[in-house]
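Listing of my_file_33.csv; format and content: CSV, C-alpha atoms.
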chain,number,residue,atom,x,y,z
A,199,MET,CA,0.0,0.0,0.0
A,200,ALA,CA,2.8,2.4,0.9
A,201,ALA,CA,4.6,1.9,-2.5
A,202,ALA,CA,1.3,2.4,-4.4
A,203,ALA,CA,0.6,5.5,-2.5
A,204,SER,CA,4.0,7.0,-3.1
A,205,CYS,CA,4.7,5.8,-6.6
A,206,GLY,CA,1.2,6.0,-8.3
A,207,ASP,CA,-0.8,3.6,-10.3
A,208,VAL,CA,2.0,2.3,-12.5
A,209,PHE,CA,5.5,1.7,-11.1
A,210,ARG,CA,8.4,-0.8,-11.5
A,211,ILE,CA,10.2,-2.9,-9.0
A,212,ARG,CA,13.6,-4.4,-9.7
A,213,ALA,CA,13.7,-8.2,-9.0
A,214,PRO,CA,17.4,-9.0,-8.4
A,215,GLY,CA,16.8,-12.7,-8.3
A,216,ARG,CA,15.3,-12.7,-11.8
A,217,GLY,CA,17.4,-9.8,-13.1
A,218,SER,CA,14.4,-8.0,-14.4
A,219,ASP,CA,11.8,-5.4,-13.6
A,220,THR,CA,8.2,-6.2,-12.5
A,221,TRP,CA,5.5,-3.7,-13.3
A,222,ILE,CA,2.9,-3.1,-10.7
A,223,ILE,CA,-0.4,-2.0,-12.3
A,224,ASN,CA,-3.1,-0.2,-10.2
A,225,ASN,CA,-5.1,1.7,-12.8
A,226,PRO,CA,-8.6,0.5,-13.9
A,227,ALA,CA,-7.9,1.2,-17.6
A,228,ASP,CA,-4.7,-0.8,-17.5
A,229,ILE,CA,-6.4,-3.6,-15.6
A,230,LYS,CA,-9.1,-3.8,-18.3
A,231,ARG,CA,-6.5,-3.9,-21.0
A,232,VAL,CA,-4.4,-6.6,-19.4
A,233,LEU,CA,-7.3,-8.9,-18.4
A,234,VAL,CA,-9.8,-8.2,-21.2
A,235,THR,CA,-9.1,-6.1,-24.3
A,236,ASN,CA,-5.5,-7.2,-24.9
A,237,HIS,CA,-5.5,-10.4,-22.9
A,238,ARG,CA,-4.1,-12.5,-25.8
A,239,ASN,CA,-0.8,-10.6,-25.4
A,240,TYR,CA,-0.4,-11.9,-21.8
A,241,THR,CA,0.4,-15.3,-20.4
A,242,LYS,CA,0.4,-16.3,-16.7
A,243,GLY,CA,3.3,-14.8,-14.9
A,244,VAL,CA,5.5,-15.2,-11.8
A,245,GLY,CA,4.6,-18.1,-9.5
A,246,LEU,CA,3.0,-20.3,-12.2
A,247,ASP,CA,5.6,-23.0,-12.0
A,248,ARG,CA,5.1,-23.4,-8.3
A,249,VAL,CA,1.3,-23.7,-8.7
A,250,LYS,CA,1.8,-26.2,-11.6
A,251,ILE,CA,3.7,-28.5,-9.2
A,252,LEU,CA,0.6,-28.6,-7.0
A,253,LEU,CA,-2.2,-28.6,-9.6
A,254,GLY,CA,-0.8,-29.9,-12.8
A,255,ASN,CA,-2.0,-28.4,-16.0
A,256,GLY,CA,-5.6,-27.5,-15.2
A,257,ILE,CA,-7.4,-24.3,-16.2
A,258,MET,CA,-5.6,-22.2,-13.5
A,259,THR,CA,-2.2,-22.9,-15.0
A,260,SER,CA,-2.7,-24.0,-18.7
A,261,GLU,CA,-2.2,-21.7,-21.6
A,262,SER,CA,-3.2,-21.1,-25.3
A,263,ASP,CA,-5.2,-23.8,-27.1
A,264,GLN,CA,-5.2,-26.2,-24.2
A,265,TRP,CA,-6.6,-23.6,-21.8
A,266,ARG,CA,-9.3,-22.6,-24.3
A,267,ARG,CA,-10.3,-26.2,-25.0
A,268,GLN,CA,-10.5,-27.0,-21.3
A,269,ARG,CA,-12.3,-23.8,-20.4
A,270,ARG,CA,-15.0,-24.5,-23.1
A,271,MET,CA,-15.6,-28.0,-21.7
A,272,ILE,CA,-15.7,-26.9,-18.1
A,273,GLN,CA,-17.7,-23.6,-18.4
A,274,PRO,CA,-21.2,-25.4,-18.6
A,275,MET,CA,-20.5,-27.1,-15.2
A,276,PHE,CA,-20.9,-23.8,-13.4
A,277,HIS,CA,-24.0,-22.4,-15.1
A,278,ARG,CA,-26.5,-21.0,-12.6
A,279,ARG,CA,-28.9,-23.9,-13.2
A,280,VAL,CA,-26.2,-26.5,-12.5
A,281,THR,CA,-25.0,-24.6,-9.5
A,282,GLU,CA,-28.5,-24.6,-8.0
A,283,GLY,CA,-28.5,-28.4,-8.4
A,284,PHE,CA,-25.9,-28.6,-5.7
A,285,GLY,CA,-28.2,-26.7,-3.3
A,286,ALA,CA,-29.2,-29.8,-1.3
A,287,LEU,CA,-25.6,-30.8,-0.9
A,288,ILE,CA,-24.5,-27.4,0.3
A,289,GLU,CA,-27.4,-27.1,2.7
A,290,ARG,CA,-26.7,-30.6,4.1
A,291,CYS,CA,-23.0,-29.7,4.7
A,292,VAL,CA,-24.0,-26.3,6.3
A,293,ASP,CA,-26.6,-28.0,8.5
A,294,ASP,CA,-24.1,-30.6,9.6
A,295,ARG,CA,-21.7,-27.8,10.6
A,296,VAL,CA,-24.5,-25.9,12.4
A,297,GLU,CA,-25.3,-29.1,14.4
A,298,ARG,CA,-21.7,-29.3,15.4
A,299,TRP,CA,-21.6,-25.7,16.4
A,300,GLN,CA,-24.7,-26.2,18.5
A,301,GLY,CA,-22.6,-28.5,20.7
A,302,PHE,CA,-20.0,-25.7,21.2
A,303,ALA,CA,-22.7,-23.2,22.0
A,304,ASP,CA,-24.4,-25.5,24.5
A,305,ARG,CA,-21.0,-26.0,26.3
A,306,ASP,CA,-20.2,-22.2,25.9
A,307,GLU,CA,-16.9,-23.2,24.2
A,308,PRO,CA,-15.2,-21.0,21.6
A,309,ILE,CA,-14.7,-22.3,18.1
A,310,ASP,CA,-11.9,-21.8,15.6
A,311,VAL,CA,-13.7,-20.2,12.7
A,312,THR,CA,-10.7,-20.5,10.4
A,313,GLU,CA,-10.6,-24.3,10.9
A,314,GLU,CA,-14.3,-24.6,10.6
A,315,MET,CA,-14.6,-22.7,7.4
A,316,SER,CA,-11.8,-24.7,5.9
A,317,ALA,CA,-13.5,-28.0,6.9
A,318,LEU,CA,-16.9,-26.7,5.6
A,319,THR,CA,-15.8,-25.7,2.2
A,320,LEU,CA,-13.8,-28.8,1.8
A,321,ASP,CA,-16.8,-31.0,2.6
A,322,ILE,CA,-18.9,-29.0,0.1
A,323,ILE,CA,-16.4,-29.2,-2.8
A,324,LEU,CA,-15.5,-32.9,-2.3
A,325,GLY,CA,-19.2,-33.7,-2.2
A,326,ALA,CA,-19.8,-31.7,-5.4
A,327,ILE,CA,-16.9,-33.4,-7.2
A,328,PHE,CA,-17.2,-37.0,-6.1
A,329,GLY,CA,-20.8,-37.3,-5.0
A,330,ARG,CA,-21.7,-40.8,-3.6
A,331,ASP,CA,-18.2,-42.1,-4.5
A,332,LEU,CA,-16.8,-40.0,-1.6
A,333,SER,CA,-17.6,-42.9,0.7
A,334,TRP,CA,-15.7,-45.3,-1.7
A,335,LEU,CA,-12.7,-43.0,-1.4
A,336,ASP,CA,-12.9,-43.1,2.4
A,337,GLU,CA,-13.1,-46.9,2.4
A,338,ARG,CA,-10.4,-47.2,-0.1
A,339,MET,CA,-7.9,-45.1,1.9
A,340,GLY,CA,-9.2,-45.7,5.4
A,341,GLY,CA,-10.3,-42.1,5.8
A,342,ASN,CA,-10.7,-38.9,3.8
A,343,PRO,CA,-7.6,-38.8,1.5
A,344,PHE,CA,-8.1,-35.1,0.9
A,345,ALA,CA,-8.1,-34.2,4.6
A,346,MET,CA,-4.5,-33.0,4.2
A,347,VAL,CA,-5.9,-29.9,2.5
A,348,THR,CA,-7.2,-28.6,5.8
A,349,GLU,CA,-4.6,-30.3,8.1
A,350,HIS,CA,-1.5,-28.8,6.4
A,351,ALA,CA,-1.7,-25.0,5.9
A,352,ALA,CA,1.7,-24.7,4.2
A,353,ARG,CA,1.7,-25.1,0.4
A,354,ASP,CA,5.3,-26.2,0.1
A,355,LEU,CA,7.0,-28.9,-2.0
A,356,GLN,CA,6.3,-31.6,0.7
A,357,PHE,CA,2.6,-30.8,0.6
A,358,ALA,CA,2.6,-30.7,-3.2
A,359,TYR,CA,4.2,-34.2,-3.4
A,360,LYS,CA,1.6,-35.7,-1.0
A,361,PHE,CA,-1.3,-34.0,-2.8
A,362,ARG,CA,-0.1,-35.0,-6.3
A,363,SER,CA,0.2,-38.6,-5.1
A,364,LEU,CA,-3.6,-38.6,-4.9
A,365,THR,CA,-3.8,-38.4,-8.7
A,366,ARG,CA,-3.5,-42.2,-8.9
A,367,LEU,CA,-6.5,-42.6,-6.7
A,368,VAL,CA,-8.5,-40.2,-8.8
A,369,GLY,CA,-7.4,-42.0,-11.9
A,370,GLU,CA,-8.6,-45.3,-10.4
A,371,LEU,CA,-12.0,-43.8,-9.6
A,372,VAL,CA,-12.3,-42.5,-13.2
A,373,ALA,CA,-11.6,-46.0,-14.6
A,374,ARG,CA,-14.1,-47.5,-12.1
A,375,ARG,CA,-16.8,-45.2,-13.2
A,376,ARG,CA,-16.2,-45.7,-16.9
A,377,ASP,CA,-16.3,-49.5,-16.4
A,378,SER,CA,-19.6,-49.3,-14.5
A,379,GLY,CA,-21.3,-47.0,-16.9
A,380,GLU,CA,-23.4,-45.5,-14.0
A,381,GLU,CA,-24.6,-42.0,-14.2
A,382,HIS,CA,-23.3,-39.5,-11.7
A,383,HIS,CA,-24.6,-36.0,-11.3
A,384,ASP,CA,-21.5,-34.4,-9.9
A,385,PHE,CA,-18.5,-32.5,-11.2
A,386,LEU,CA,-16.5,-35.7,-11.9
A,387,GLY,CA,-19.4,-37.1,-13.9
A,388,MET,CA,-19.6,-33.9,-15.9
A,389,LEU,CA,-15.9,-33.9,-16.6
A,390,ILE,CA,-16.0,-37.5,-17.8
A,391,GLY,CA,-19.0,-36.7,-20.0
A,392,ALA,CA,-17.7,-33.4,-21.4
A,393,ARG,CA,-16.9,-33.4,-25.1
A,394,ASP,CA,-14.8,-31.0,-27.2
A,395,LYS,CA,-17.3,-29.1,-29.4
A,396,GLU,CA,-14.8,-29.0,-32.3
A,397,ASN,CA,-13.9,-32.7,-32.5
A,398,GLY,CA,-16.3,-34.4,-30.2
A,399,GLU,CA,-13.4,-35.9,-28.2
A,400,PRO,CA,-13.6,-36.5,-24.4
A,401,MET,CA,-11.2,-34.7,-22.1
A,402,PRO,CA,-7.8,-36.4,-22.1
A,403,GLU,CA,-7.3,-38.5,-18.9
A,404,ARG,CA,-4.4,-36.5,-17.6
A,405,ASP,CA,-6.2,-33.2,-18.1
A,406,LEU,CA,-9.3,-34.5,-16.5
A,407,ILE,CA,-7.4,-35.5,-13.4
A,408,ASP,CA,-5.6,-32.2,-13.2
A,409,GLU,CA,-9.0,-30.4,-13.4
A,410,VAL,CA,-10.2,-32.5,-10.4
A,411,MET,CA,-7.1,-31.6,-8.4
A,412,THR,CA,-7.6,-27.9,-9.4
A,413,LEU,CA,-11.3,-28.0,-8.3
A,414,VAL,CA,-10.3,-29.5,-4.9
A,415,VAL,CA,-7.9,-26.7,-4.0
A,416,ALA,CA,-9.4,-23.7,-5.8
A,417,GLY,CA,-13.0,-24.7,-4.8
A,418,HIS,CA,-12.0,-25.0,-1.1
A,419,GLU,CA,-9.3,-22.4,-0.3
A,420,THR,CA,-10.8,-19.2,-1.8
A,421,SER,CA,-14.2,-19.7,-0.3
A,422,ALA,CA,-12.8,-20.7,3.1
A,423,ALA,CA,-10.7,-17.5,3.2
A,424,ALA,CA,-13.6,-15.3,2.1
A,425,LEU,CA,-15.9,-16.7,4.7
A,426,ASN,CA,-13.2,-16.4,7.4
A,427,TRP,CA,-12.8,-12.7,6.6
A,428,THR,CA,-16.5,-12.2,6.4
A,429,TRP,CA,-17.1,-13.5,10.0
A,430,TYR,CA,-14.1,-11.5,11.3
A,431,LEU,CA,-15.6,-8.3,9.8
A,432,LEU,CA,-19.2,-9.0,10.9
A,433,ALA,CA,-18.1,-9.9,14.4
A,434,THR,CA,-16.1,-6.6,14.7
A,435,HIS,CA,-18.8,-4.4,13.1
A,436,PRO,CA,-22.0,-5.0,15.1
A,437,GLU,CA,-23.9,-2.4,13.1
A,438,ALA,CA,-23.4,-4.4,9.9
A,439,TYR,CA,-24.3,-7.6,11.8
A,440,ALA,CA,-27.5,-5.9,12.9
A,441,GLN,CA,-28.5,-5.0,9.3
A,442,LEU,CA,-27.7,-8.5,8.1
A,443,THR,CA,-29.8,-10.1,10.8
A,444,ALA,CA,-32.7,-7.6,10.2
A,445,GLU,CA,-32.8,-8.8,6.5
A,446,LEU,CA,-32.8,-12.4,7.6
A,447,ASP,CA,-35.5,-11.9,10.2
A,448,ALA,CA,-37.7,-10.3,7.5
A,449,THR,CA,-37.2,-13.4,5.3
A,450,PRO,CA,-38.8,-16.7,6.4
A,451,GLU,CA,-36.2,-19.4,6.8
A,452,ARG,CA,-36.8,-22.5,4.6
A,453,SER,CA,-34.8,-25.3,3.0
A,454,GLY,CA,-34.2,-25.5,-0.7
A,455,LEU,CA,-33.1,-21.9,-1.1
A,456,GLY,CA,-32.6,-21.5,-4.8
A,457,PHE,CA,-29.9,-19.5,-6.5
A,458,ALA,CA,-32.2,-16.6,-7.3
A,459,ASP,CA,-33.4,-16.7,-3.7
A,460,SER,CA,-29.9,-16.4,-2.4
A,461,GLU,CA,-29.3,-13.3,-4.6
A,462,GLY,CA,-32.5,-11.8,-3.0
A,463,LEU,CA,-30.6,-11.7,0.3
A,464,ARG,CA,-29.0,-8.5,-0.9
A,465,TYR,CA,-27.4,-7.3,2.3
A,466,THR,CA,-26.1,-10.8,3.1
A,467,GLN,CA,-24.4,-11.0,-0.3
A,468,ALA,CA,-23.2,-7.4,0.1
A,469,ALA,CA,-21.5,-8.3,3.4
A,470,ILE,CA,-19.6,-11.1,1.7
A,471,LYS,CA,-18.7,-8.9,-1.3
A,472,GLU,CA,-17.4,-6.2,0.9
A,473,ALA,CA,-15.3,-8.7,2.8
A,474,MET,CA,-13.8,-9.7,-0.5
A,475,ARG,CA,-13.2,-6.1,-1.4
A,476,LEU,CA,-11.1,-5.5,1.7
A,477,TYR,CA,-9.5,-8.9,1.8
A,478,PRO,CA,-9.7,-10.6,-1.6
A,479,PRO,CA,-8.5,-14.2,-1.3
A,480,GLY,CA,-6.8,-13.9,-4.7
A,481,TRP,CA,-5.0,-10.7,-3.7
A,482,LEU,CA,-2.4,-10.8,-6.5
A,483,LEU,CA,-2.7,-11.6,-10.3
A,484,THR,CA,0.4,-12.1,-12.3
A,485,ARG,CA,0.9,-11.9,-16.1
A,486,ARG,CA,3.8,-11.7,-18.5
A,487,THR,CA,3.8,-9.8,-21.8
A,488,ILE,CA,4.2,-11.8,-25.0
A,489,GLY,CA,4.8,-8.7,-27.2
A,490,THR,CA,5.3,-5.1,-26.3
A,491,ASP,CA,2.3,-3.2,-24.9
A,492,VAL,CA,1.5,0.3,-23.7
A,493,LEU,CA,0.1,0.8,-20.2
A,494,SER,CA,-0.7,4.3,-18.9
A,495,GLY,CA,1.3,5.7,-21.8
A,496,TYR,CA,4.5,3.7,-20.9
A,497,ALA,CA,6.0,1.1,-23.3
A,498,VAL,CA,6.1,-2.3,-21.6
A,499,PRO,CA,8.7,-4.6,-23.3
A,500,ALA,CA,7.9,-8.2,-24.3
A,501,GLY,CA,8.7,-10.7,-21.6
A,502,THR,CA,7.9,-8.3,-18.7
A,503,ASP,CA,6.2,-9.5,-15.5
A,504,VAL,CA,3.1,-7.5,-14.8
A,505,MET,CA,1.3,-7.7,-11.5
A,506,LEU,CA,-2.2,-6.5,-10.7
A,507,SER,CA,-3.4,-6.5,-7.1
A,508,PRO,CA,-7.1,-6.7,-6.3
A,509,TYR,CA,-6.1,-5.7,-2.8
A,510,LEU,CA,-4.7,-2.4,-4.0
A,511,ILE,CA,-7.4,-1.5,-6.4
A,512,HIS,CA,-10.1,-2.4,-3.9
A,513,ARG,CA,-8.7,0.1,-1.5
A,514,HIS,CA,-7.8,2.8,-3.9
A,515,PRO,CA,-8.9,6.2,-2.4
A,516,ALA,CA,-9.6,7.6,-5.9
A,517,HIS,CA,-12.3,5.0,-6.5
A,518,TRP,CA,-13.8,4.2,-3.1
A,519,GLN,CA,-15.2,6.4,-0.4
A,520,GLN,CA,-13.7,5.4,3.0
A,521,PRO,CA,-11.7,2.7,1.2
A,522,ASP,CA,-10.5,1.0,4.4
A,523,ALA,CA,-14.0,0.9,6.1
A,524,TYR,CA,-16.3,-2.1,6.1
A,525,ARG,CA,-19.5,-0.8,4.6
A,526,PRO,CA,-21.6,-3.6,2.9
A,527,GLU,CA,-24.2,-1.0,1.9
A,528,ARG,CA,-21.9,0.3,-0.8
A,529,PHE,CA,-22.8,-2.7,-2.9
A,530,ILE,CA,-26.5,-1.9,-2.5
A,531,ASP,CA,-26.7,1.9,-2.6
A,532,SER,CA,-24.5,2.3,-5.6
A,533,ASP,CA,-26.2,2.6,-9.0
A,534,ASP,CA,-23.0,1.7,-10.8
A,535,ASP,CA,-21.6,-1.9,-10.8
A,536,PRO,CA,-18.0,-1.5,-9.6
A,537,ARG,CA,-17.0,-4.3,-11.9
A,538,ASP,CA,-17.9,-2.1,-14.9
A,539,ARG,CA,-15.2,0.3,-13.7
A,540,TRP,CA,-12.6,-2.4,-13.2
A,541,ILE,CA,-12.1,-1.5,-9.5
A,542,TYR,CA,-13.7,-4.7,-8.0
A,543,ILE,CA,-12.1,-7.9,-9.3
A,544,PRO,CA,-12.1,-10.5,-6.5
A,545,PHE,CA,-12.8,-13.2,-9.1
A,546,ALA,CA,-10.5,-11.6,-11.7
A,547,ALA,CA,-12.0,-10.6,-15.0
A,548,GLY,CA,-12.1,-11.3,-18.7
A,549,PRO,CA,-11.7,-14.7,-20.2
A,550,ARG,CA,-9.8,-16.0,-17.1
A,551,HIS,CA,-12.5,-14.8,-14.8
A,552,CYS,CA,-13.0,-17.4,-12.1
A,553,VAL,CA,-15.3,-20.1,-13.4
A,554,GLY,CA,-16.6,-20.9,-10.0
A,555,GLU,CA,-17.9,-17.5,-8.9
A,556,ASN,CA,-21.6,-18.6,-9.0
A,557,PHE,CA,-20.9,-21.7,-6.9
A,558,ALA,CA,-18.8,-19.8,-4.4
A,559,MET,CA,-21.3,-17.0,-3.9
A,560,TYR,CA,-24.1,-19.6,-3.5
A,561,GLU,CA,-22.4,-21.7,-0.9
A,562,MET,CA,-21.1,-18.7,1.1
A,563,THR,CA,-24.6,-17.0,1.1
A,564,LEU,CA,-26.3,-20.1,2.3
A,565,HIS,CA,-23.8,-20.6,5.1
A,566,VAL,CA,-23.8,-17.0,6.4
A,567,ALA,CA,-27.6,-16.8,6.3
A,568,ARG,CA,-28.1,-20.1,8.2
A,569,VAL,CA,-25.6,-19.3,10.9
A,570,ALA,CA,-26.5,-15.6,11.4
A,571,ARG,CA,-30.1,-16.5,12.0
A,572,ARG,CA,-29.0,-18.4,15.1
A,573,TRP,CA,-26.0,-16.8,16.6
A,574,ARG,CA,-24.0,-13.6,17.0
A,575,LEU,CA,-20.3,-14.5,16.7
A,576,GLU,CA,-18.2,-12.8,19.4
A,577,TYR,CA,-14.6,-12.2,18.5
A,578,LEU,CA,-12.4,-13.1,21.5
A,579,ASP,CA,-9.0,-11.7,20.6
A,580,ASP,CA,-7.8,-8.2,21.1
A,581,GLY,CA,-6.7,-6.0,18.3
A,582,PRO,CA,-6.5,-6.7,14.5
A,583,ILE,CA,-6.0,-10.3,13.4
A,584,GLY,CA,-3.1,-9.7,11.1
A,585,VAL,CA,-2.8,-10.6,7.4
A,586,GLU,CA,-0.8,-13.4,5.8
A,587,ALA,CA,-0.2,-12.7,2.1
A,588,ALA,CA,0.5,-16.2,0.8
A,589,ILE,CA,-1.1,-17.7,-2.3
A,590,ASN,CA,-4.4,-16.6,-0.8
A,591,LEU,CA,-4.9,-13.7,1.6
A,592,ARG,CA,-5.4,-15.3,5.0
A,593,THR,CA,-5.6,-14.4,8.6
A,594,ARG,CA,-2.3,-14.7,10.4
A,595,ARG,CA,-3.8,-16.9,13.1
A,596,GLY,CA,-7.1,-18.7,13.6
A,597,LEU,CA,-10.2,-16.7,14.5
A,598,ARG,CA,-11.4,-17.6,18.0
A,599,MET,CA,-15.1,-16.8,18.4
A,600,ARG,CA,-17.9,-17.6,20.8
A,601,LEU,CA,-21.4,-18.3,19.7
A,602,ARG,CA,-24.0,-16.1,21.3
A,603,PRO,CA,-27.7,-17.1,20.8
A,604,ARG,CA,-29.8,-14.4,19.1
A,605,ARG,CA,-33.0,-15.7,20.4
Give the structure from the file, written as structure tokens.
Amino acid sequence: MAAAASCGDVFRIRAPGRGSDTWIINNPADIKRVLVTNHRNYTKGVGLDRVKILLGNGIMTSESDQWRRQRRMIQPMFHRRVTEGFGALIERCVDDRVERWQGFADRDEPIDVTEEMSALTLDIILGAIFGRDLSWLDERMGGNPFAMVTEHAARDLQFAYKFRSLTRLVGELVARRRDSGEEHHDFLGMLIGARDKENGEPMPERDLIDEVMTLVVAGHETSAAALNWTWYLLATHPEAYAQLTAELDATPERSGLGFADSEGLRYTQAAIKEAMRLYPPGWLLTRRTIGTDVLSGYAVPAGTDVMLSPYLIHRHPAHWQQPDAYRPERFIDSDDDPRDRWIYIPFAAGPRHCVGENFAMYEMTLHVARVARRWRLEYLDDGPIGVEAAINLRTRRGLRMRLRPRR
């Protein structure tokens, strides 16, 4: 933040280790150019190799024709109608977590919200990917083989090796499904059934497995981080919590909340969006120029690393009133969608816009609404929580909170 404040919306930082300059872009017009209007002149940038070790060559890391082919085949899986089909699964996972929390509330024991959000979002994404075969995975491995995702916070080479070892298990499950011919209404079933529109071919086996591994990590970590920050901000801003619960109290609670119904909880969604404005899980986007480009009037050479930070643009004082304040109502009162001005990009933008945005917003809204109807979360630690800017923007330590009944 200090560098952006003193150097402006476009500045360069020398990276001695790479012997090159990195351009930091914090201008809406340049963000639009890099992510949308001239996106073909940019590839993924710094850090891609490290992510590839973990996720393989899925849509988060692939490039060019392979990325376009995979994106076309995956995109229909996240249509609003398909996302709504996972509503029962999401509600079941949310209700299981609420039942667990009730035990803590009855005993007046604090909960670690950070751990709980990680476990919840992992339960949801694994259920969405593997469906009823999740029990087969548990039996095959003597427990949840993907539990390591929540048990080990570090995303180092040791974790990557252990995580990638699960590709053999996924491959075994894919072969098992193909042999059985049974129909499965989950993400794995959709990946197996996907066909390339140009040649009618199925997704290559290795690509399919890499997409599964990508879904596990990307579908869990970003939502977990966003929910963690949402509860921190709501717990430390009682006036916002009061407005959220007023909206929920005015809306009868029922099961089977559809996608459109979740969007109707405007303040609830605004509370989540505002949390992602202040603390976007994907806080840094990296690109590299293929050919020369011009950003803010400056010539950018080919092969230059360009970084765009949602964290910086989301807090830019030229584009947001009270940029550091938590004010969910800014997403309700404003007549202009901030995404049209390229100042709000928690899910990135353009062709590489996060394919899972609909799913993430749906699961987060259902969870926040169900919990906030029952409890007020009381933050137990003093002072700010601290920020850890790793691959995702996380709290530096777990959030300890106590559940206070609302009724």
**Item:** Contacts of Phe209 in chain A within 7 Å, all atoms listed in the file, excl. fewer than 2 positions in-chain, as a PyMOL selection string
**Value:** chain A and resi 205-207+211+221-222
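Shortest separation to Arg452 in chain A among A:Arg290, A:Ser218, A:Ile272, A:Arg568 occurs at residue A:Arg568, atoms counted being only C-alpha atoms.
For the pair CA of Glu349 in chain A and CA of Thr593 in chain A, the interatomic distance is 15.9 Å.
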**Item:** Surrounding residues of Met562 in chain A excluding itself and chain neighbours under 4 positions, 10 Å, all atoms listed in the file, as a VMD selection string
**Value:** chain A and resid 288 292 315 319 421 to 422 424 to 425 428 460 466 to 467 470 557 to 558 566 to 567
Serialized selection, C-alpha atoms, as an mmCIF file, in the coordinates of the input:
data_model
loop_
_atom_site.group_PDB
_atom_site.id
_atom_site.type_symbol
_atom_site.label_atom_id
_atom_site.label_comp_id
_atom_site.auth_asym_id
_atom_site.auth_seq_id
_atom_site.Cartn_x
_atom_site.Cartn_y
_atom_site.Cartn_z
ATOM 1 C CA ILE A 288 -24.500 -27.400 0.300
ATOM 2 C CA VAL A 292 -24.000 -26.300 6.300
ATOM 3 C CA MET A 315 -14.600 -22.700 7.400
ATOM 4 C CA THR A 319 -15.800 -25.700 2.200
ATOM 5 C CA SER A 421 -14.200 -19.700 -0.300
ATOM 6 C CA ALA A 422 -12.800 -20.700 3.100
ATOM 7 C CA ALA A 424 -13.600 -15.300 2.100
ATOM 8 C CA LEU A 425 -15.900 -16.700 4.700
ATOM 9 C CA THR A 428 -16.500 -12.200 6.400
ATOM 10 C CA SER A 460 -29.900 -16.400 -2.400
ATOM 11 C CA THR A 466 -26.100 -10.800 3.100
ATOM 12 C CA GLN A 467 -24.400 -11.000 -0.300
ATOM 13 C CA ILE A 470 -19.600 -11.100 1.700
ATOM 14 C CA PHE A 557 -20.900 -21.700 -6.900
ATOM 15 C CA ALA A 558 -18.800 -19.800 -4.400
ATOM 16 C CA VAL A 566 -23.800 -17.000 6.400
ATOM 17 C CA ALA A 567 -27.600 -16.800 6.300
#
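Coordinates place CA of Arg393 in chain A at a distance of 24.4 Å from CA of Leu332 in chain A.
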**Fill in**
Between A:Tyr560, A:Leu246, A:Arg330, A:Asp354, smallest distance to Phe457 in chain A by all atoms listed in the file belongs to A:Tyr560
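Of the listed residues A:Ile543, A:Val569, A:Val234, A:Leu389, the one whose atoms come nearest to Trp299 in chain A is A:Val569, with distances taken using all atoms listed in the file.
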**Asked** Residues at most 6 Å from range 253-258 of chain A, counting all atoms listed in the file, excluding those fewer than 2 positions away in the same chain, as a PyMOL selection string?
**Response** chain A and resi 250-251+260+265+408-409+411-412
Rows by chain and residue number, range 211-251 of chain A within 12 Å of range 585-590 of chain A, shortest pair, only C-alpha atoms, as a Markdown table:
| residue | atom | partner | partner_atom | distance |
| --- | --- | --- | --- | --- |
| A:Val244 | CA | A:Ile589 | CA | 11.8 |
| A:Gly245 | CA | A:Ile589 | CA | 9.2 |
| A:Leu246 | CA | A:Ile589 | CA | 11.0 |
| A:Arg248 | CA | A:Ile589 | CA | 10.3 |
| A:Val249 | CA | A:Ile589 | CA | 9.1 |
**Pick from A:Gly340, A:Gly454, A:Arg238, A:Asp293 nearest to Gly489 in chain A, counting all atoms listed in the file** = A:Arg238
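Nearest to Ala326 in chain A of all the residues A:Ile407, A:Val414, A:Val372, A:Val347 is A:Val414, based on all atoms listed in the file.
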